[in-house]
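Here's run_30.csv, which has CSV, C-alpha atoms (C1' of nucleotides):
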chain,number,residue,atom,x,y,z
A,76,MET,CA,-69.0,118.1,69.0
A,77,ALA,CA,-70.5,114.9,70.5
A,78,SER,CA,-69.4,114.1,74.0
A,79,VAL,CA,-67.2,111.1,74.4
A,80,LEU,CA,-68.2,108.4,76.8
A,81,ARG,CA,-65.2,107.3,78.8
A,82,MET,CA,-64.9,103.7,80.1
A,83,THR,CA,-63.4,104.5,83.4
A,84,GLU,CA,-62.2,101.9,85.9
A,85,GLN,CA,-65.3,102.5,88.1
A,86,ARG,CA,-67.7,102.1,85.1
A,87,LYS,CA,-65.9,99.0,83.9
A,88,ILE,CA,-66.0,97.3,87.2
A,89,ILE,CA,-69.7,98.1,87.8
A,90,LEU,CA,-70.5,96.7,84.4
A,91,GLU,CA,-68.3,93.6,85.0
A,92,GLU,CA,-69.9,92.8,88.4
A,93,LEU,CA,-73.4,93.3,87.1
A,94,ARG,CA,-72.8,91.0,84.1
A,95,GLY,CA,-71.4,88.4,86.4
A,96,LEU,CA,-74.6,88.2,88.5
A,97,CYS,CA,-77.9,86.5,87.8
A,98,THR,CA,-79.6,88.4,90.6
A,99,HIS,CA,-80.9,91.9,90.1
A,100,PRO,CA,-79.2,94.1,92.7
A,101,THR,CA,-80.4,97.5,93.8
A,102,ALA,CA,-78.1,100.5,93.5
A,103,ASN,CA,-76.9,100.0,97.1
A,104,GLU,CA,-76.2,96.3,96.6
A,105,VAL,CA,-74.1,97.2,93.5
A,106,TYR,CA,-72.3,99.8,95.6
A,107,GLU,CA,-71.5,97.2,98.3
A,108,ILE,CA,-70.3,94.7,95.7
A,109,VAL,CA,-68.1,97.1,93.8
A,110,ARG,CA,-66.7,98.5,97.0
A,111,LYS,CA,-64.8,95.3,97.6
A,112,ARG,CA,-62.7,96.1,94.5
A,113,LEU,CA,-62.8,99.8,94.7
A,114,PRO,CA,-63.1,100.7,98.4
A,115,ARG,CA,-63.1,104.5,97.7
A,116,ILE,CA,-65.9,104.6,95.1
A,117,SER,CA,-68.8,106.8,96.1
A,118,LEU,CA,-72.5,105.9,96.0
A,119,GLY,CA,-73.1,108.8,93.7
A,120,THR,CA,-70.7,107.4,91.1
A,121,VAL,CA,-72.5,104.1,91.3
A,122,TYR,CA,-75.9,105.8,90.7
A,123,ARG,CA,-74.5,107.9,87.9
A,124,ASN,CA,-72.9,105.0,86.1
A,125,LEU,CA,-75.9,102.7,86.4
A,126,GLU,CA,-77.9,105.5,84.9
A,127,ILE,CA,-75.4,106.1,82.0
A,128,LEU,CA,-75.0,102.3,81.4
A,129,SER,CA,-78.7,101.9,81.1
A,130,GLU,CA,-79.1,104.9,78.9
A,131,THR,CA,-76.6,103.5,76.5
A,132,GLY,CA,-78.3,100.1,76.6
A,133,MET,CA,-75.4,98.3,78.2
A,134,ILE,CA,-77.5,97.2,81.2
A,135,GLN,CA,-81.2,97.3,82.0
A,136,LYS,CA,-82.8,99.4,84.7
A,137,LEU,CA,-85.8,97.6,86.2
A,138,GLU,CA,-88.3,99.9,87.7
A,139,MET,CA,-90.6,97.5,89.5
A,140,ALA,CA,-93.8,98.5,91.2
A,141,GLY,CA,-93.6,99.5,94.8
A,142,THR,CA,-89.9,99.0,95.4
A,143,GLN,CA,-86.7,100.6,94.6
A,144,LYS,CA,-84.9,100.3,91.2
A,145,ARG,CA,-82.9,97.2,90.4
A,146,PHE,CA,-80.3,96.7,87.7
A,147,ASP,CA,-79.9,93.8,85.3
A,148,GLY,CA,-76.8,92.9,83.3
A,149,ASN,CA,-79.0,91.0,80.8
A,150,THR,CA,-80.1,93.5,78.2
A,151,GLU,CA,-82.5,91.3,76.4
A,152,ASN,CA,-86.2,92.1,76.7
A,153,HIS,CA,-87.6,89.7,79.3
A,154,TYR,CA,-90.2,89.4,82.0
A,155,HIS,CA,-89.5,89.1,85.7
A,156,VAL,CA,-91.1,87.4,88.7
A,157,ARG,CA,-91.0,88.9,92.2
A,158,CYS,CA,-91.2,86.8,95.3
A,159,LEU,CA,-93.8,88.2,97.7
A,160,GLY,CA,-92.0,86.6,100.6
A,161,CYS,CA,-88.4,87.8,100.3
A,162,GLY,CA,-88.5,90.3,97.5
A,163,ARG,CA,-86.1,88.5,95.2
A,164,VAL,CA,-86.5,89.1,91.5
A,165,ASP,CA,-85.9,86.3,88.9
A,166,ASP,CA,-85.8,86.3,85.2
A,167,VAL,CA,-88.6,84.5,83.4
A,168,ALA,CA,-87.5,82.3,80.5
A,169,ILE,CA,-90.5,82.9,78.2
A,170,GLU,CA,-90.7,85.0,75.1
A,171,PRO,CA,-92.4,88.4,75.6
A,172,ILE,CA,-95.9,88.1,74.3
A,173,SER,CA,-95.9,90.9,71.7
A,174,SER,CA,-99.5,90.4,70.9
A,175,ILE,CA,-100.4,91.9,74.3
A,176,ASP,CA,-99.5,95.3,72.9
A,177,SER,CA,-102.4,95.2,70.5
A,178,ALA,CA,-104.9,94.1,73.2
A,179,LEU,CA,-106.1,97.6,73.5
A,180,ASP,CA,-106.7,98.3,69.8
A,181,GLY,CA,-110.1,99.9,69.5
A,182,VAL,CA,-110.5,100.0,73.3
A,183,ILE,CA,-108.6,103.2,74.1
A,184,ASP,CA,-107.0,105.9,72.1
A,185,TYR,CA,-103.4,105.5,73.4
A,186,ARG,CA,-100.7,104.6,71.0
A,187,ILE,CA,-99.2,101.6,72.9
A,188,VAL,CA,-95.4,101.3,72.7
A,189,TRP,CA,-94.8,98.5,75.1
A,190,HIS,CA,-96.1,96.7,78.1
A,191,ARG,CA,-94.6,95.7,81.4
A,192,LEU,CA,-95.6,92.4,82.9
A,193,GLU,CA,-94.5,91.4,86.3
A,194,PHE,CA,-95.4,88.1,87.9
A,195,MET,CA,-95.9,88.0,91.6
A,196,GLY,CA,-95.7,84.8,93.7
A,197,PHE,CA,-93.6,82.8,96.1
A,198,CYS,CA,-90.2,81.4,95.3
A,199,PRO,CA,-89.4,77.8,96.3
A,200,LYS,CA,-87.5,78.9,99.4
A,201,CYS,CA,-90.4,81.0,100.7
A,202,GLN,CA,-93.0,78.3,99.8
A,203,PHE,CA,-90.9,76.0,102.0
A,204,LYS,CA,-90.8,78.5,104.8
A,205,MET,CA,-94.5,79.1,104.6
A,206,ASN,CA,-95.1,75.4,105.0
A,207,GLY,CA,-92.9,75.5,108.0
A,208,VAL,CA,-94.9,78.3,109.4
A,209,LEU,CA,-98.2,76.5,108.8
A,210,LYS,CA,-96.9,73.4,110.5
A,211,SER,CA,-95.0,74.9,113.4
A,212,ASN,CA,-96.9,78.2,113.7
A,213,ARG,CA,-93.6,80.0,114.2
A,214,LYS,CA,-93.7,83.4,112.6
A,215,ASP,CA,-89.9,84.1,112.9
A,216,TYR,CA,-89.2,81.8,110.0
A,217,LEU,CA,-90.1,84.6,107.7
A,218,ASP,CA,-88.1,87.3,109.5
A,219,ASN,CA,-84.6,86.3,108.6
A,220,ASP,CA,-83.4,87.3,105.2
A,221,HIS,CA,-85.1,90.2,103.5
B,80,MET,CA,-111.6,93.1,121.5
B,81,ALA,CA,-111.3,94.0,117.8
B,82,SER,CA,-110.5,97.6,117.2
B,83,VAL,CA,-113.2,99.7,115.7
B,84,LEU,CA,-112.7,101.5,112.4
B,85,ARG,CA,-114.1,105.0,112.7
B,86,MET,CA,-115.4,106.8,109.6
B,87,THR,CA,-114.1,110.2,110.5
B,88,GLU,CA,-114.9,113.3,108.5
B,89,GLN,CA,-111.4,113.3,107.0
B,90,ARG,CA,-111.6,109.7,106.0
B,91,LYS,CA,-115.1,110.2,104.5
B,92,ILE,CA,-114.0,113.1,102.4
B,93,ILE,CA,-110.9,111.4,101.2
B,94,LEU,CA,-113.0,108.5,100.1
B,95,GLU,CA,-115.7,110.7,98.5
B,96,GLU,CA,-113.2,112.7,96.5
B,97,LEU,CA,-111.4,109.7,95.3
B,98,ARG,CA,-114.6,108.0,94.2
B,99,GLY,CA,-115.6,111.1,92.3
B,100,LEU,CA,-112.4,111.1,90.2
B,101,CYS,CA,-111.5,109.0,87.1
B,102,THR,CA,-107.9,110.0,87.4
B,103,HIS,CA,-105.5,108.3,89.7
B,104,PRO,CA,-104.1,110.9,92.0
B,105,THR,CA,-100.9,110.6,94.0
B,106,ALA,CA,-101.1,111.1,97.8
B,107,ASN,CA,-100.1,114.7,97.4
B,108,GLU,CA,-102.7,115.4,94.8
B,109,VAL,CA,-105.3,113.9,97.1
B,110,TYR,CA,-104.0,116.1,99.8
B,111,GLU,CA,-104.4,119.2,97.6
B,112,ILE,CA,-107.9,118.2,96.6
B,113,VAL,CA,-109.1,117.4,100.1
B,114,ARG,CA,-107.6,120.6,101.5
B,115,LYS,CA,-110.2,122.6,99.7
B,116,ARG,CA,-112.8,121.2,101.9
B,117,LEU,CA,-110.7,120.6,105.0
B,118,PRO,CA,-108.0,123.3,105.0
B,119,ARG,CA,-106.5,122.1,108.3
B,120,ILE,CA,-106.0,118.4,107.3
B,121,SER,CA,-102.5,117.2,107.5
B,122,LEU,CA,-100.6,115.2,104.8
B,123,GLY,CA,-99.9,112.5,107.4
B,124,THR,CA,-103.6,112.0,107.9
B,125,VAL,CA,-104.1,111.7,104.1
B,126,TYR,CA,-101.3,109.0,103.9
B,127,ARG,CA,-102.7,107.1,106.9
B,128,ASN,CA,-106.2,107.1,105.6
B,129,LEU,CA,-105.2,106.1,102.0
B,130,GLU,CA,-103.4,103.2,103.6
B,131,ILE,CA,-106.3,102.2,105.8
B,132,LEU,CA,-108.8,102.6,103.0
B,133,SER,CA,-106.8,100.4,100.7
B,134,GLU,CA,-106.1,97.8,103.4
B,135,THR,CA,-109.9,97.5,104.0
B,136,GLY,CA,-110.4,97.3,100.2
B,137,MET,CA,-112.4,100.5,99.9
B,138,ILE,CA,-109.9,101.9,97.5
B,139,GLN,CA,-107.0,100.6,95.5
B,140,LYS,CA,-103.4,101.5,95.9
B,141,LEU,CA,-101.5,101.4,92.6
B,142,GLU,CA,-97.9,100.8,92.9
B,143,MET,CA,-96.7,101.5,89.4
B,144,ALA,CA,-93.2,101.0,88.2
B,145,GLY,CA,-90.7,103.8,88.6
B,146,THR,CA,-93.1,106.4,90.0
B,147,GLN,CA,-94.8,107.2,93.2
B,148,LYS,CA,-97.9,105.5,94.5
B,149,ARG,CA,-101.3,106.4,93.1
B,150,PHE,CA,-104.7,105.8,94.4
B,151,ASP,CA,-107.8,104.6,92.7
B,152,GLY,CA,-111.5,104.8,93.9
B,153,ASN,CA,-112.3,101.9,91.6
B,154,THR,CA,-111.7,98.7,93.5
B,155,GLU,CA,-112.3,96.3,90.6
B,156,ASN,CA,-109.2,94.4,89.3
B,157,HIS,CA,-108.2,96.2,86.2
B,158,TYR,CA,-105.2,97.1,84.1
B,159,HIS,CA,-103.7,100.5,83.6
B,160,VAL,CA,-102.0,102.5,80.8
B,161,ARG,CA,-99.5,105.1,81.5
B,162,CYS,CA,-98.7,107.9,79.1
B,163,LEU,CA,-95.0,108.2,78.5
B,164,GLY,CA,-95.4,111.9,77.6
B,165,CYS,CA,-97.3,113.4,80.5
B,166,GLY,CA,-97.4,110.6,83.1
B,167,ARG,CA,-101.2,110.3,83.3
B,168,VAL,CA,-102.7,106.9,84.2
B,169,ASP,CA,-105.9,105.6,82.7
B,170,ASP,CA,-108.0,102.5,83.3
B,171,VAL,CA,-108.1,99.9,80.7
B,172,ALA,CA,-111.5,98.5,79.9
B,173,ILE,CA,-110.5,94.9,79.2
B,174,GLU,CA,-110.9,91.9,81.4
B,175,PRO,CA,-107.8,90.8,83.2
B,176,ILE,CA,-106.3,87.8,81.4
B,177,SER,CA,-106.2,85.2,84.1
B,178,SER,CA,-104.5,82.7,81.9
B,179,ILE,CA,-101.4,84.8,82.1
B,180,ASP,CA,-100.8,83.5,85.6
B,181,SER,CA,-100.3,80.0,84.3
B,182,ALA,CA,-97.9,81.1,81.6
B,183,LEU,CA,-95.0,80.1,83.8
B,184,ASP,CA,-96.2,76.6,84.7
B,185,GLY,CA,-93.3,74.2,84.2
B,186,VAL,CA,-91.0,77.1,83.4
B,187,ILE,CA,-90.1,78.3,86.9
B,188,ASP,CA,-90.7,77.0,90.4
B,189,TYR,CA,-92.5,80.0,91.7
B,190,ARG,CA,-96.1,79.6,92.9
B,191,ILE,CA,-97.6,82.5,91.0
B,192,VAL,CA,-100.3,84.5,92.8
B,193,TRP,CA,-101.0,87.3,90.4
B,194,HIS,CA,-99.5,89.4,87.7
B,195,ARG,CA,-99.3,93.1,87.1
B,196,LEU,CA,-99.7,94.4,83.6
B,197,GLU,CA,-99.0,98.0,82.7
B,198,PHE,CA,-99.3,99.3,79.2
B,199,MET,CA,-97.0,102.1,78.2
B,200,GLY,CA,-97.7,104.5,75.4
B,201,PHE,CA,-98.9,108.0,74.4
B,202,CYS,CA,-102.3,109.5,75.2
B,203,PRO,CA,-104.2,111.3,72.5
B,204,LYS,CA,-103.1,114.7,73.8
B,205,CYS,CA,-99.4,113.8,73.7
B,206,GLN,CA,-99.7,112.2,70.3
B,207,PHE,CA,-101.1,115.5,69.1
B,208,LYS,CA,-98.2,117.4,70.8
B,209,MET,CA,-95.7,115.1,69.2
B,210,ASN,CA,-97.1,115.7,65.8
B,211,GLY,CA,-96.8,119.4,66.5
B,212,VAL,CA,-93.2,118.9,67.4
B,213,LEU,CA,-92.5,116.8,64.3
B,214,LYS,CA,-94.0,119.5,62.1
B,215,SER,CA,-92.7,122.6,63.7
B,216,ASN,CA,-89.6,121.2,65.3
B,217,ARG,CA,-90.4,123.2,68.5
B,218,LYS,CA,-89.3,121.2,71.5
B,219,ASP,CA,-91.1,123.5,74.0
B,220,TYR,CA,-94.5,121.9,73.1
B,221,LEU,CA,-93.6,119.1,75.4
B,222,ASP,CA,-92.4,121.2,78.3
B,223,ASN,CA,-95.6,122.7,79.6
B,224,ASP,CA,-97.7,120.4,81.7
B,225,HIS,CA,-96.0,117.5,83.3
C,131,DA,C1',-119.8,111.4,133.7
C,132,DG,C1',-115.4,109.0,133.3
C,133,DA,C1',-112.4,105.6,131.0
C,134,DT,C1',-110.6,103.9,126.9
C,135,DT,C1',-108.8,104.2,122.7
C,136,DA,C1',-108.9,105.8,117.6
C,137,DA,C1',-107.7,109.5,115.1
C,138,DT,C1',-105.9,113.9,114.5
C,139,DA,C1',-102.4,117.9,113.3
C,140,DG,C1',-98.0,119.1,113.0
C,141,DG,C1',-93.6,118.2,112.6
C,142,DA,C1',-89.4,115.2,112.8
C,143,DA,C1',-87.2,111.4,110.8
C,144,DT,C1',-86.1,108.1,107.2
C,145,DA,C1',-84.8,106.1,102.7
C,146,DG,C1',-83.8,106.3,98.1
C,147,DT,C1',-82.1,109.1,94.8
C,148,DT,C1',-80.3,113.3,92.6
C,149,DA,C1',-77.6,117.5,92.5
C,150,DC,C1',-73.7,120.3,93.6
C,151,DT,C1',-68.7,121.4,94.1
C,152,DA,C1',-64.0,121.2,94.1
C,153,DT,C1',-60.6,118.2,92.3
C,154,DT,C1',-58.5,114.7,89.3
C,155,DA,C1',-57.9,112.2,84.9
C,156,DC,C1',-57.7,112.0,80.1
C,157,DC,C1',-57.1,113.5,75.5
C,158,DA,C1',-55.9,116.6,71.7
C,159,DA,C1',-53.8,120.6,69.8
C,160,DA,C1',-50.2,123.9,70.1
D,146,DT,C1',-44.4,118.8,77.2
D,147,DT,C1',-47.4,122.1,78.3
D,148,DT,C1',-51.9,123.8,78.0
D,149,DG,C1',-56.8,123.9,77.4
D,150,DG,C1',-61.1,121.6,77.4
D,151,DT,C1',-64.1,118.4,79.3
D,152,DA,C1',-65.6,113.8,81.6
D,153,DA,C1',-65.6,111.7,85.7
D,154,DT,C1',-64.7,111.4,90.4
D,155,DA,C1',-65.4,111.5,95.8
D,156,DG,C1',-67.7,113.5,99.1
D,157,DT,C1',-71.5,115.7,100.7
D,158,DA,C1',-75.7,118.4,100.6
D,159,DA,C1',-80.3,118.6,99.1
D,160,DC,C1',-84.6,116.8,97.7
D,161,DT,C1',-88.8,114.0,97.5
D,162,DA,C1',-92.0,110.6,98.9
D,163,DT,C1',-93.3,108.4,102.7
D,164,DT,C1',-93.4,106.9,107.5
D,165,DC,C1',-93.1,107.7,112.4
D,166,DC,C1',-93.7,110.3,116.7
D,167,DT,C1',-96.2,113.1,120.2
D,168,DA,C1',-99.4,115.7,122.5
D,169,DT,C1',-104.1,116.6,121.8
D,170,DT,C1',-109.0,115.9,120.4
D,171,DA,C1',-113.0,113.3,119.8
D,172,DA,C1',-115.9,109.0,119.6
D,173,DT,C1',-117.5,105.1,121.8
D,174,DC,C1',-118.3,102.1,125.8
D,175,DT,C1',-119.4,101.3,130.7
Before anything else, please render the file you have as structure tokens.
Amino acid sequence: MASVLRMTEQRKIILEELRGLCTHPTANEVYEIVRKRLPRISLGTVYRNLEILSETGMIQKLEMAGTQKRFDGNTENHYHVRCLGCGRVDDVAIEPISSIDSALDGVIDYRIVWHRLEFMGFCPKCQFKMNGVLKSNRKDYLDNDH
Amino acid sequence: MASVLRMTEQRKIILEELRGLCTHPTANEVYEIVRKRLPRISLGTVYRNLEILSETGMIQKLEMAGTQKRFDGNTENHYHVRCLGCGRVDDVAIEPISSIDSALDGVIDYRIVWHRLEFMGFCPKCQFKMNGVLKSNRKDYLDNDH
DNA sequence: AGATTAATAGGAATAGTTACTATTACCAAA
DNA sequence: TTTGGTAATAGTAACTATTCCTATTAATCT
């Protein structure tokens, strides 16, 4: 008897909010957003539902190097860029390069299933801030938003 | 007055052990290894030294997606493969593809500094185990070592 | 030698995440 | 409609990886 997945109010709202964002919030950010509509929701419920939604392929779980998990309402396979200044994560509008998977043929005995490519750099905002720092030598420019 | 970096016994042994390995141990694994030679070393010391050694470029800190940090005695810039079965991480003996960094030119307004490429697949050992599973339908093959 | 300061061991604290528990909500069969 | 089974929930405790704190020890510099 296969278990039935119920689309509860909480789950529906988490999904809705995530689909309506182009950012890639962390579990805690999702919690804060959803709490505006469901003030009594618990953080555990958010985690569980993010897990279930990503298991069933309705959202994507982004496990990026060195930081906490982020969640993406866009389920298409795509790369991401991360800003080294403020930590924001953006989608990259290029086709995944499937030929990369075969780059290791004959080099190593793994059977490659996929690859994960993350670009690291500075977003426009942080580039601007860095120029400001260089000009004014004021470090606090960088300390404001995370 | 610049602070002096002391090469203490603990630091030296951590470095030695790491250089003598082709695996990519976690901080805790390094701790267990080093403890055989320095039974009184503390985990905090291991963490601090791994941090310092990677800051000074003597080792490499690998922040891989979705798992804990790993450390690499090989300081050359290289890619890694991760086994989806057992979690082991191996070096990839191909040259980093620097042209990847310019793949986003004109696509997005980030200033790209570098990229991180991780291959995901199954190591020879796990491929073998999986064949065993397919043949015998015994799931416990996979449950032994992590 | 004495002063200075890096590094240490040991343990407390933190952050992100997962697990547990009692309760509630939903559906289906009687 | 009740009743039984199970999914999901809120709230909280537990866990894990990592960082921070503190008193002490040990190099290095005058």
Checklist entry - Given a cut-off of 12 Å, which residues of chain C touch chain A, counting all atoms listed in the file, written out as number ranges by chain? => result C: 145-150, 155-157
Selection from above, C-alpha atoms (C1' of nucleotides), as a PDB file, in the coordinates of the input, can you write it?
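The new file out_35.pdb reads:
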ATOM      1  C1'  DA C 145     -84.800 106.100 102.700  1.00  0.00           C
ATOM      2  C1'  DG C 146     -83.800 106.300  98.100  1.00  0.00           C
ATOM      3  C1'  DT C 147     -82.100 109.100  94.800  1.00  0.00           C
ATOM      4  C1'  DT C 148     -80.300 113.300  92.600  1.00  0.00           C
ATOM      5  C1'  DA C 149     -77.600 117.500  92.500  1.00  0.00           C
ATOM      6  C1'  DC C 150     -73.700 120.300  93.600  1.00  0.00           C
ATOM      7  C1'  DA C 155     -57.900 112.200  84.900  1.00  0.00           C
ATOM      8  C1'  DC C 156     -57.700 112.000  80.100  1.00  0.00           C
ATOM      9  C1'  DC C 157     -57.100 113.500  75.500  1.00  0.00           C
TER      10       DC C 157
END
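The spacing separating CA of Asp188 in chain B from CA of Cys198 in chain A amounts to 6.6 Å.
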Next on the checklist: Here's a test: counting all atoms listed in the file, identify every protein, DNA and RNA residue with an atom at most 9 Å from (-121.6, 105.8, 136.4) in the file's coordinate frame, and state them as a list in words.
Outcome noted: DA131 and DG132 of chain C; DT175 of chain D
Residues of chain B that have any atom at most 10 Å from an atom of chain A: could you tabulate them with the shortest-distance atom pair and the distance in Å to one decimal, using all atoms listed in the file, ordered by chain and increasing number, as a tab-separated table?
residue	atom	partner	partner_atom	distance
B:Leu141	CA	A:Ala140	CA	8.3
B:Glu142	CA	A:Gly141	CA	4.9
B:Met143	CA	A:Ala140	CA	4.5
B:Ala144	CA	A:Ala140	CA	4.0
B:Gly145	CA	A:Glu138	CA	4.7
B:Thr146	CA	A:Ala140	CA	8.0
B:Gln147	CA	A:Gly141	CA	8.0
B:Lys148	CA	A:Gly141	CA	7.4
B:Val160	CA	A:Tyr185	CA	8.1
B:Arg161	CA	A:Tyr185	CA	9.0
B:Cys162	CA	A:Tyr185	CA	7.8
B:Leu163	CA	A:Val188	CA	9.0
B:Asp169	CA	A:Ile183	CA	9.3
B:Asp170	CA	A:Ile183	CA	9.2
B:Val171	CA	A:Ile183	CA	7.4
B:Ala172	CA	A:Val182	CA	6.8
B:Ile173	CA	A:Leu179	CA	7.7
B:Ile179	CA	A:Phe194	CA	9.0
B:Asp180	CA	A:Phe194	CA	7.5
B:Ala182	CA	A:Ile169	CA	8.3
B:Leu183	CA	A:Ile169	CA	7.7
B:Val186	CA	A:Ala168	CA	6.9
B:Ile187	CA	A:Val167	CA	7.3
B:Asp188	CA	A:Pro199	CA	6.1
B:Tyr189	CA	A:Cys198	CA	4.5
B:Arg190	CA	A:Phe197	CA	5.2
B:Ile191	CA	A:Gly196	CA	4.0
B:Val192	CA	A:Gly196	CA	4.7
B:Trp193	CA	A:Met195	CA	5.3
B:His194	CA	A:Phe194	CA	4.3
B:Arg195	CA	A:Glu193	CA	5.2
B:Leu196	CA	A:Leu192	CA	4.6
B:Glu197	CA	A:Arg191	CA	5.1
B:Phe198	CA	A:His190	CA	4.3
B:Met199	CA	A:Trp189	CA	5.2
B:Gly200	CA	A:Ile187	CA	4.1
B:Phe201	CA	A:Arg186	CA	5.1
B:Cys202	CA	A:Tyr185	CA	4.5
B:Pro203	CA	A:Tyr185	CA	5.9
B:Lys204	CA	A:Tyr185	CA	9.2
B:Cys205	CA	A:Tyr185	CA	9.2
B:Gln206	CA	A:Arg186	CA	7.7
Item to check | Interface residues on chain D facing chain A, 9 Å, all atoms listed in the file, written as a ChimeraX atom specification | outcome: /D:151-156
Keeping only C-alpha atoms (C1' of nucleotides), write the selected residues as a CSV table (one decimal), keeping the file's coordinate frame.
chain,number,residue,atom,x,y,z
D,151,DT,C1',-64.1,118.4,79.3
D,152,DA,C1',-65.6,113.8,81.6
D,153,DA,C1',-65.6,111.7,85.7
D,154,DT,C1',-64.7,111.4,90.4
D,155,DA,C1',-65.4,111.5,95.8
D,156,DG,C1',-67.7,113.5,99.1
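Going from CA of Tyr158 in chain B over to CA of Leu94 in chain B, you cover 21.1 Å.
Remark: for DT167 in chain D, the closest of the candidate residues C:DA133, C:DA152, C:DA142, C:DA158 is C:DA142 (distances computed over all atoms listed in the file).
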Next on the checklist: At a cut-off of 6 Å, using all atoms listed in the file, what residues contact Arg145 in chain A? Leave out same-chain residues fewer than 5 positions from it and give the result as JSON, numbers by chain.
Outcome noted: {"A": [99, 100, 101, 137]}
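Here the question is which of B:Ile176, B:Leu100, B:Leu117, B:Val125 gets nearest to Asp151 in chain B using all atoms listed in the file, and that residue is B:Leu100.
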Item to check | Atom-to-atom span, CA of Leu125 in chain A and CA of Val105 in chain A, Å | outcome: 9.2 Å
Generate the missing atoms of range 173-191 of chain A up to N, CA and C atoms and report them as a PDB file, keeping the file's coordinate frame.
ATOM      1  N   SER A 173     -95.744  89.618  72.346  1.00  0.00           N
ATOM      2  CA  SER A 173     -95.900  90.900  71.700  1.00  0.00           C
ATOM      3  C   SER A 173     -97.326  91.239  71.355  1.00  0.00           C
ATOM      4  N   SER A 174     -98.145  90.188  71.249  1.00  0.00           N
ATOM      5  CA  SER A 174     -99.500  90.400  70.900  1.00  0.00           C
ATOM      6  C   SER A 174    -100.281  91.190  72.003  1.00  0.00           C
ATOM      7  N   ILE A 175     -99.714  91.187  73.207  1.00  0.00           N
ATOM      8  CA  ILE A 175    -100.400  91.900  74.300  1.00  0.00           C
ATOM      9  C   ILE A 175    -100.469  93.402  73.962  1.00  0.00           C
ATOM     10  N   ASP A 176     -99.459  93.920  73.256  1.00  0.00           N
ATOM     11  CA  ASP A 176     -99.500  95.300  72.900  1.00  0.00           C
ATOM     12  C   ASP A 176    -100.704  95.757  72.107  1.00  0.00           C
ATOM     13  N   SER A 177    -101.236  94.802  71.360  1.00  0.00           N
ATOM     14  CA  SER A 177    -102.400  95.200  70.500  1.00  0.00           C
ATOM     15  C   SER A 177    -103.713  94.850  71.194  1.00  0.00           C
ATOM     16  N   ALA A 178    -103.648  94.407  72.452  1.00  0.00           N
ATOM     17  CA  ALA A 178    -104.900  94.100  73.200  1.00  0.00           C
ATOM     18  C   ALA A 178    -105.803  95.254  73.352  1.00  0.00           C
ATOM     19  N   LEU A 179    -105.247  96.437  73.252  1.00  0.00           N
ATOM     20  CA  LEU A 179    -106.100  97.600  73.500  1.00  0.00           C
ATOM     21  C   LEU A 179    -106.551  98.308  72.210  1.00  0.00           C
ATOM     22  N   ASP A 180    -106.214  97.712  71.068  1.00  0.00           N
ATOM     23  CA  ASP A 180    -106.700  98.300  69.800  1.00  0.00           C
ATOM     24  C   ASP A 180    -108.179  98.490  69.831  1.00  0.00           C
ATOM     25  N   GLY A 181    -108.623  99.679  69.572  1.00  0.00           N
ATOM     26  CA  GLY A 181    -110.100  99.900  69.500  1.00  0.00           C
ATOM     27  C   GLY A 181    -110.690 100.119  70.893  1.00  0.00           C
ATOM     28  N   VAL A 182    -109.937  99.872  71.952  1.00  0.00           N
ATOM     29  CA  VAL A 182    -110.500 100.000  73.300  1.00  0.00           C
ATOM     30  C   VAL A 182    -110.187 101.389  73.865  1.00  0.00           C
ATOM     31  N   ILE A 183    -109.011 101.899  73.559  1.00  0.00           N
ATOM     32  CA  ILE A 183    -108.600 103.200  74.100  1.00  0.00           C
ATOM     33  C   ILE A 183    -107.681 103.863  73.098  1.00  0.00           C
ATOM     34  N   ASP A 184    -107.665 105.179  73.136  1.00  0.00           N
ATOM     35  CA  ASP A 184    -107.000 105.900  72.100  1.00  0.00           C
ATOM     36  C   ASP A 184    -105.489 106.165  72.314  1.00  0.00           C
ATOM     37  N   TYR A 185    -104.886 105.363  73.158  1.00  0.00           N
ATOM     38  CA  TYR A 185    -103.400 105.500  73.400  1.00  0.00           C
ATOM     39  C   TYR A 185    -102.722 104.805  72.191  1.00  0.00           C
ATOM     40  N   ARG A 186    -101.549 105.300  71.907  1.00  0.00           N
ATOM     41  CA  ARG A 186    -100.700 104.600  71.000  1.00  0.00           C
ATOM     42  C   ARG A 186     -99.710 103.770  71.874  1.00  0.00           C
ATOM     43  N   ILE A 187     -99.939 102.466  71.949  1.00  0.00           N
ATOM     44  CA  ILE A 187     -99.200 101.600  72.900  1.00  0.00           C
ATOM     45  C   ILE A 187     -97.781 101.353  72.307  1.00  0.00           C
ATOM     46  N   VAL A 188     -96.787 101.529  73.153  1.00  0.00           N
ATOM     47  CA  VAL A 188     -95.400 101.300  72.700  1.00  0.00           C
ATOM     48  C   VAL A 188     -94.865 100.006  73.251  1.00  0.00           C
ATOM     49  N   TRP A 189     -95.149  99.764  74.511  1.00  0.00           N
ATOM     50  CA  TRP A 189     -94.800  98.500  75.100  1.00  0.00           C
ATOM     51  C   TRP A 189     -95.611  98.178  76.292  1.00  0.00           C
ATOM     52  N   HIS A 190     -95.355  97.044  76.886  1.00  0.00           N
ATOM     53  CA  HIS A 190     -96.100  96.700  78.100  1.00  0.00           C
ATOM     54  C   HIS A 190     -95.030  96.177  79.114  1.00  0.00           C
ATOM     55  N   ARG A 191     -95.423  96.207  80.350  1.00  0.00           N
ATOM     56  CA  ARG A 191     -94.600  95.700  81.400  1.00  0.00           C
ATOM     57  C   ARG A 191     -95.372  94.648  82.145  1.00  0.00           C
TER      58      ARG A 191
END
